[in-house]
Amino acid sequence: MLDWIVETEDVWQRLQRCNKPVVIYGMGDGAVKILQVMKQYDIVPAAMFASDDFARGNIFMGYKVEKLADIEQRYQDFVIVMAFAVKDIPTIERIYAISQKHELVAPDVPVAGVNLFTMDFVHEHENEFLQVEQLLADEQSKKVLHNMVNFKLSGKLHYLSECTTEIEEAYETILRPTSQESFADLGAYRGDTIAELLHYAGGCKRVFAFEPDEKTYKKLLAAVEQMGLQDKAVCAQMAAYSHQEVLEFDSRAGRQSALRETSLVSGVQGAAKTKIKQVQGESLDNLAGEVPVTMINMDVEGAERQALEGCRKIIQKDKPKMLIAAYHRSEDLFALLLQIREMRPDYRFYLRHYRYIPAWDTNLYCI
């Protein structure tokens, strides 16, 4: 085992041997996924609670949703399993305060795919993790890799807090965008990452934006116009993909929308409501044609591997600076970097993690 992996068991093994009541914290799709994995490991939660504003005694997945105070009255000692994602500072501070009173873990259940981040998974991919560690360009990147692996194994929050940095640091010291960027935004959502680029670069030369969700795409167009980029932008209501293909799209209204695939939560009663639509898949290589691209932002909810393949010509020809979400699948921490290295061995690679529980907003930078 790699010497920087200090955990000796994964969170599921810990919960299996736990001699204290296991209590779920949170409702929604995250709780559904975690309950499904617990069922696979024969882990039976004793109770479920939510933040006081959301706990009304309702029933979720067969559990009465209580308040933490109710659980504390009933049990002297217990383990809390956090089952939702959060980035706002007040909620994160509240969670850390709870973790000072009670043992709390935040299991890493992948947003996409079926591979859990377990001890067996790490053993299987030890060589890939070693390759990635050797390819990372600075010590902070290596710290992020080490802490992410240990967090994803254990669910222990301190690994996140110890490697979190601010997004300004990456823009100012790694990406360093200029007002002359020809920018491709794959998974443009409502234009927030385009606005972010403008903030740090002071403008841009050209924009290519992919957003497959119909309602979100309309908001993207409005945002592009508001930013005064309508003459510089090519917006496509398409999914960034490796090639032209009609794809099934799981519309969940917002950032959870994604290309449909087999996942840990497929077919589980109580999962988030979905609306399956057909959407055109297209590559950035085709959309941009011969126009140079100098910078790519990619957050496509688990389809990063295919979207990268659809950027192959541009990556090989233009070597654009890239910011790529590296947290949707368990294998993203190593597979995306190695895929890009195969296309252009002369990239320098960086990892950064921004404030989020669990390990969301962990990003790969390629320069």
# chains A, B, ... in the order shown; residues from 1 in each chain; ligands from 1
call {"tool": "residues_around", "arguments": {"residues": "Gly30 of chain A", "least_positions_apart": "5", "cutoff": "9 Å", "atoms": "only C-alpha atoms", "output": "number ranges by chain"}}
result
A: 35, 82-85, 109, 271
call {"tool": "closest_atom_pairs", "arguments": {"of": "segment 140-184 of chain A", "to": "segment 354-367 of chain A", "cutoff": "10 Å", "atoms": "only C-alpha atoms", "output": "tab-separated table"}}
result
residue	atom	partner	partner_atom	distance
A:Ser141	CA	A:Leu364	CA	9.1
A:Val144	CA	A:Thr362	CA	8.5
A:Leu145	CA	A:Thr362	CA	9.6
A:Asn147	CA	A:Ala359	CA	9.8
A:Met148	CA	A:Ala359	CA	7.0
A:Val149	CA	A:Ala359	CA	9.8
A:Phe151	CA	A:Ala359	CA	7.7
A:Lys152	CA	A:Ala359	CA	7.4
A:Gly155	CA	A:Pro358	CA	7.9
A:Lys156	CA	A:Pro358	CA	9.5
A:Leu157	CA	A:Ile357	CA	7.8
A:Tyr159	CA	A:Ala359	CA	9.6
A:Leu160	CA	A:Ala359	CA	7.1
A:Ser161	CA	A:Arg355	CA	7.8
A:Cys163	CA	A:Tyr354	CA	8.4
A:Thr164	CA	A:Tyr354	CA	5.2
A:Thr165	CA	A:Tyr354	CA	5.5
A:Glu166	CA	A:Tyr354	CA	6.0
A:Ile167	CA	A:Tyr354	CA	6.6
A:Ala170	CA	A:Tyr365	CA	8.5
A:Ile174	CA	A:Ile367	CA	7.5
A:Leu175	CA	A:Ile367	CA	7.2
A:Arg176	CA	A:Ile367	CA	9.9
call {"tool": "closest_atom_pairs", "arguments": {"of": "segment 122-232 of chain A", "to": "segment 322-337 of chain A", "cutoff": "12 Å", "atoms": "only C-alpha atoms", "output": "tab-separated table"}}
result
residue	atom	partner	partner_atom	distance
A:Val122	CA	A:Glu331	CA	9.6
A:Glu124	CA	A:Glu331	CA	11.0
A:His125	CA	A:Glu331	CA	8.7
A:Glu126	CA	A:Phe334	CA	10.0
A:Asn127	CA	A:Phe334	CA	9.8
A:Glu128	CA	A:Phe334	CA	6.1
A:Phe129	CA	A:Phe334	CA	6.0
A:Leu130	CA	A:Phe334	CA	9.1
A:Gln131	CA	A:Phe334	CA	8.3
A:Val132	CA	A:Phe334	CA	6.1
A:Glu133	CA	A:Phe334	CA	9.1
A:Gln134	CA	A:Phe334	CA	11.4
A:Leu135	CA	A:Leu337	CA	8.9
A:Leu136	CA	A:Leu337	CA	9.4
A:Ser141	CA	A:Leu333	CA	11.4
A:Lys142	CA	A:Leu333	CA	11.6
A:Val144	CA	A:Leu333	CA	10.2
A:Leu145	CA	A:Leu333	CA	7.6
A:His146	CA	A:Leu333	CA	10.6
A:Asn147	CA	A:Leu333	CA	11.6
A:Met148	CA	A:Leu333	CA	8.6
A:Val149	CA	A:Leu333	CA	8.6
A:Lys152	CA	A:Ser330	CA	8.7
A:Leu153	CA	A:Ser330	CA	10.7
A:Ile167	CA	A:Leu323	CA	11.5
A:Ala170	CA	A:Leu323	CA	9.7
A:Tyr171	CA	A:Leu323	CA	10.0
A:Ile174	CA	A:Leu323	CA	10.0
A:Leu175	CA	A:Met322	CA	8.0
A:Arg176	CA	A:Met322	CA	11.3
A:Pro177	CA	A:Met322	CA	10.7
A:Glu181	CA	A:Met322	CA	11.8
A:Ser182	CA	A:Met322	CA	11.9
A:Phe183	CA	A:Met322	CA	9.8
A:Ala184	CA	A:Met322	CA	9.4
A:Asp185	CA	A:Leu323	CA	9.7
A:Leu186	CA	A:Ile324	CA	9.4
A:Gly187	CA	A:Ala325	CA	10.4
A:Thr193	CA	A:Leu323	CA	10.7
A:Leu197	CA	A:Leu323	CA	11.3
call {"tool": "closest_residue", "arguments": {"among": "A:Leu15, A:Ala195, A:Ala50, A:Cys311", "to": "Gln339 of chain A", "atoms": "only C-alpha atoms"}}
result
A:Cys311
call {"tool": "atom_distance", "arguments": {"atom1": "atom CA of Gln140 of chain A", "atom2": "atom CA of Arg312 of chain A"}}
result
27.8 Å
call {"tool": "decode", "arguments": {"residues": "segment 179-267 of chain A", "atoms": "C-alpha atoms", "output": "short mmCIF file (atom, residue, chain, number, x, y, z; two decimals), in the first residue's frame"}}
result
data_model
loop_
_atom_site.label_atom_id
_atom_site.label_comp_id
_atom_site.auth_asym_id
_atom_site.auth_seq_id
_atom_site.Cartn_x
_atom_site.Cartn_y
_atom_site.Cartn_z
CA SER A 179 -8.86 38.82 -21.79
CA GLN A 180 -7.82 37.11 -25.04
CA GLU A 181 -9.00 33.62 -24.07
CA SER A 182 -11.05 31.59 -26.51
CA PHE A 183 -13.05 29.80 -23.82
CA ALA A 184 -14.99 26.53 -24.04
CA ASP A 185 -17.43 25.79 -21.21
CA LEU A 186 -18.60 22.18 -21.24
CA GLY A 187 -21.54 21.98 -18.85
CA ALA A 188 -22.08 25.74 -18.84
CA TYR A 189 -25.19 25.60 -16.62
CA ARG A 190 -26.55 29.17 -16.29
CA GLY A 191 -23.34 30.88 -17.32
CA ASP A 192 -21.80 31.03 -13.85
CA THR A 193 -18.39 29.73 -14.96
CA ILE A 194 -18.34 32.13 -17.91
CA ALA A 195 -19.00 34.98 -15.45
CA GLU A 196 -16.23 33.60 -13.24
CA LEU A 197 -13.77 33.67 -16.13
CA LEU A 198 -14.73 37.24 -17.00
CA HIS A 199 -14.19 38.24 -13.38
CA TYR A 200 -10.63 36.92 -13.27
CA ALA A 201 -9.63 37.58 -16.89
CA GLY A 202 -11.33 40.93 -17.43
CA GLY A 203 -13.00 39.71 -20.62
CA CYS A 204 -12.65 37.06 -23.30
CA LYS A 205 -12.26 36.79 -27.07
CA ARG A 206 -14.72 33.97 -27.77
CA VAL A 207 -16.99 31.50 -25.96
CA PHE A 208 -18.20 28.01 -26.86
CA ALA A 209 -20.83 26.79 -24.37
CA PHE A 210 -22.56 23.41 -24.05
CA GLU A 211 -25.69 23.02 -21.89
CA PRO A 212 -28.07 20.11 -22.61
CA ASP A 213 -30.91 20.93 -20.20
CA GLU A 214 -33.61 22.90 -22.05
CA LYS A 215 -34.69 25.18 -19.20
CA THR A 216 -31.15 25.81 -18.02
CA TYR A 217 -30.06 26.51 -21.61
CA LYS A 218 -32.57 29.36 -21.86
CA LYS A 219 -31.11 30.86 -18.67
CA LEU A 220 -27.63 30.46 -20.15
CA LEU A 221 -28.65 32.44 -23.25
CA ALA A 222 -30.10 35.20 -21.07
CA ALA A 223 -26.90 35.33 -18.99
CA VAL A 224 -24.69 35.47 -22.10
CA GLU A 225 -26.73 38.41 -23.39
CA GLN A 226 -26.59 40.16 -20.02
CA MET A 227 -22.79 39.77 -20.02
CA GLY A 228 -22.68 41.34 -23.49
CA LEU A 229 -21.19 38.24 -25.11
CA GLN A 230 -23.91 37.41 -27.63
CA ASP A 231 -21.65 38.34 -30.58
CA LYS A 232 -18.73 36.33 -29.18
CA ALA A 233 -20.59 33.21 -28.00
CA VAL A 234 -21.61 29.99 -29.70
CA CYS A 235 -24.12 28.30 -27.36
CA ALA A 236 -25.32 24.77 -28.04
CA GLN A 237 -28.19 22.94 -26.36
CA MET A 238 -26.15 19.74 -26.56
CA ALA A 239 -24.24 17.37 -24.33
CA ALA A 240 -20.46 17.58 -24.60
CA TYR A 241 -19.47 14.12 -25.84
CA SER A 242 -16.88 12.20 -27.85
CA HIS A 243 -18.86 12.29 -31.12
CA GLN A 244 -22.24 13.06 -32.63
CA GLU A 245 -24.87 10.78 -31.10
CA VAL A 246 -28.40 11.08 -29.76
CA LEU A 247 -28.18 10.36 -26.02
CA GLU A 248 -30.61 9.78 -23.17
CA PHE A 249 -30.55 12.70 -20.73
CA ASP A 250 -31.73 12.45 -17.14
CA SER A 251 -33.24 15.87 -16.42
CA ARG A 252 -33.37 16.63 -12.70
CA ALA A 253 -33.77 20.39 -12.96
CA GLY A 254 -30.41 21.91 -12.26
CA ARG A 255 -26.89 20.71 -11.57
CA GLN A 256 -27.92 17.08 -10.96
CA SER A 257 -28.98 16.65 -14.59
CA ALA A 258 -26.73 14.18 -16.40
CA LEU A 259 -26.48 11.68 -19.21
CA ARG A 260 -28.37 8.55 -18.26
CA GLU A 261 -26.37 5.51 -17.22
CA THR A 262 -26.21 2.68 -14.73
CA SER A 263 -25.51 4.01 -11.25
CA LEU A 264 -25.60 3.02 -7.59
CA VAL A 265 -29.07 4.51 -7.25
CA SER A 266 -30.69 3.15 -10.41
CA GLY A 267 -34.16 1.79 -9.86
#
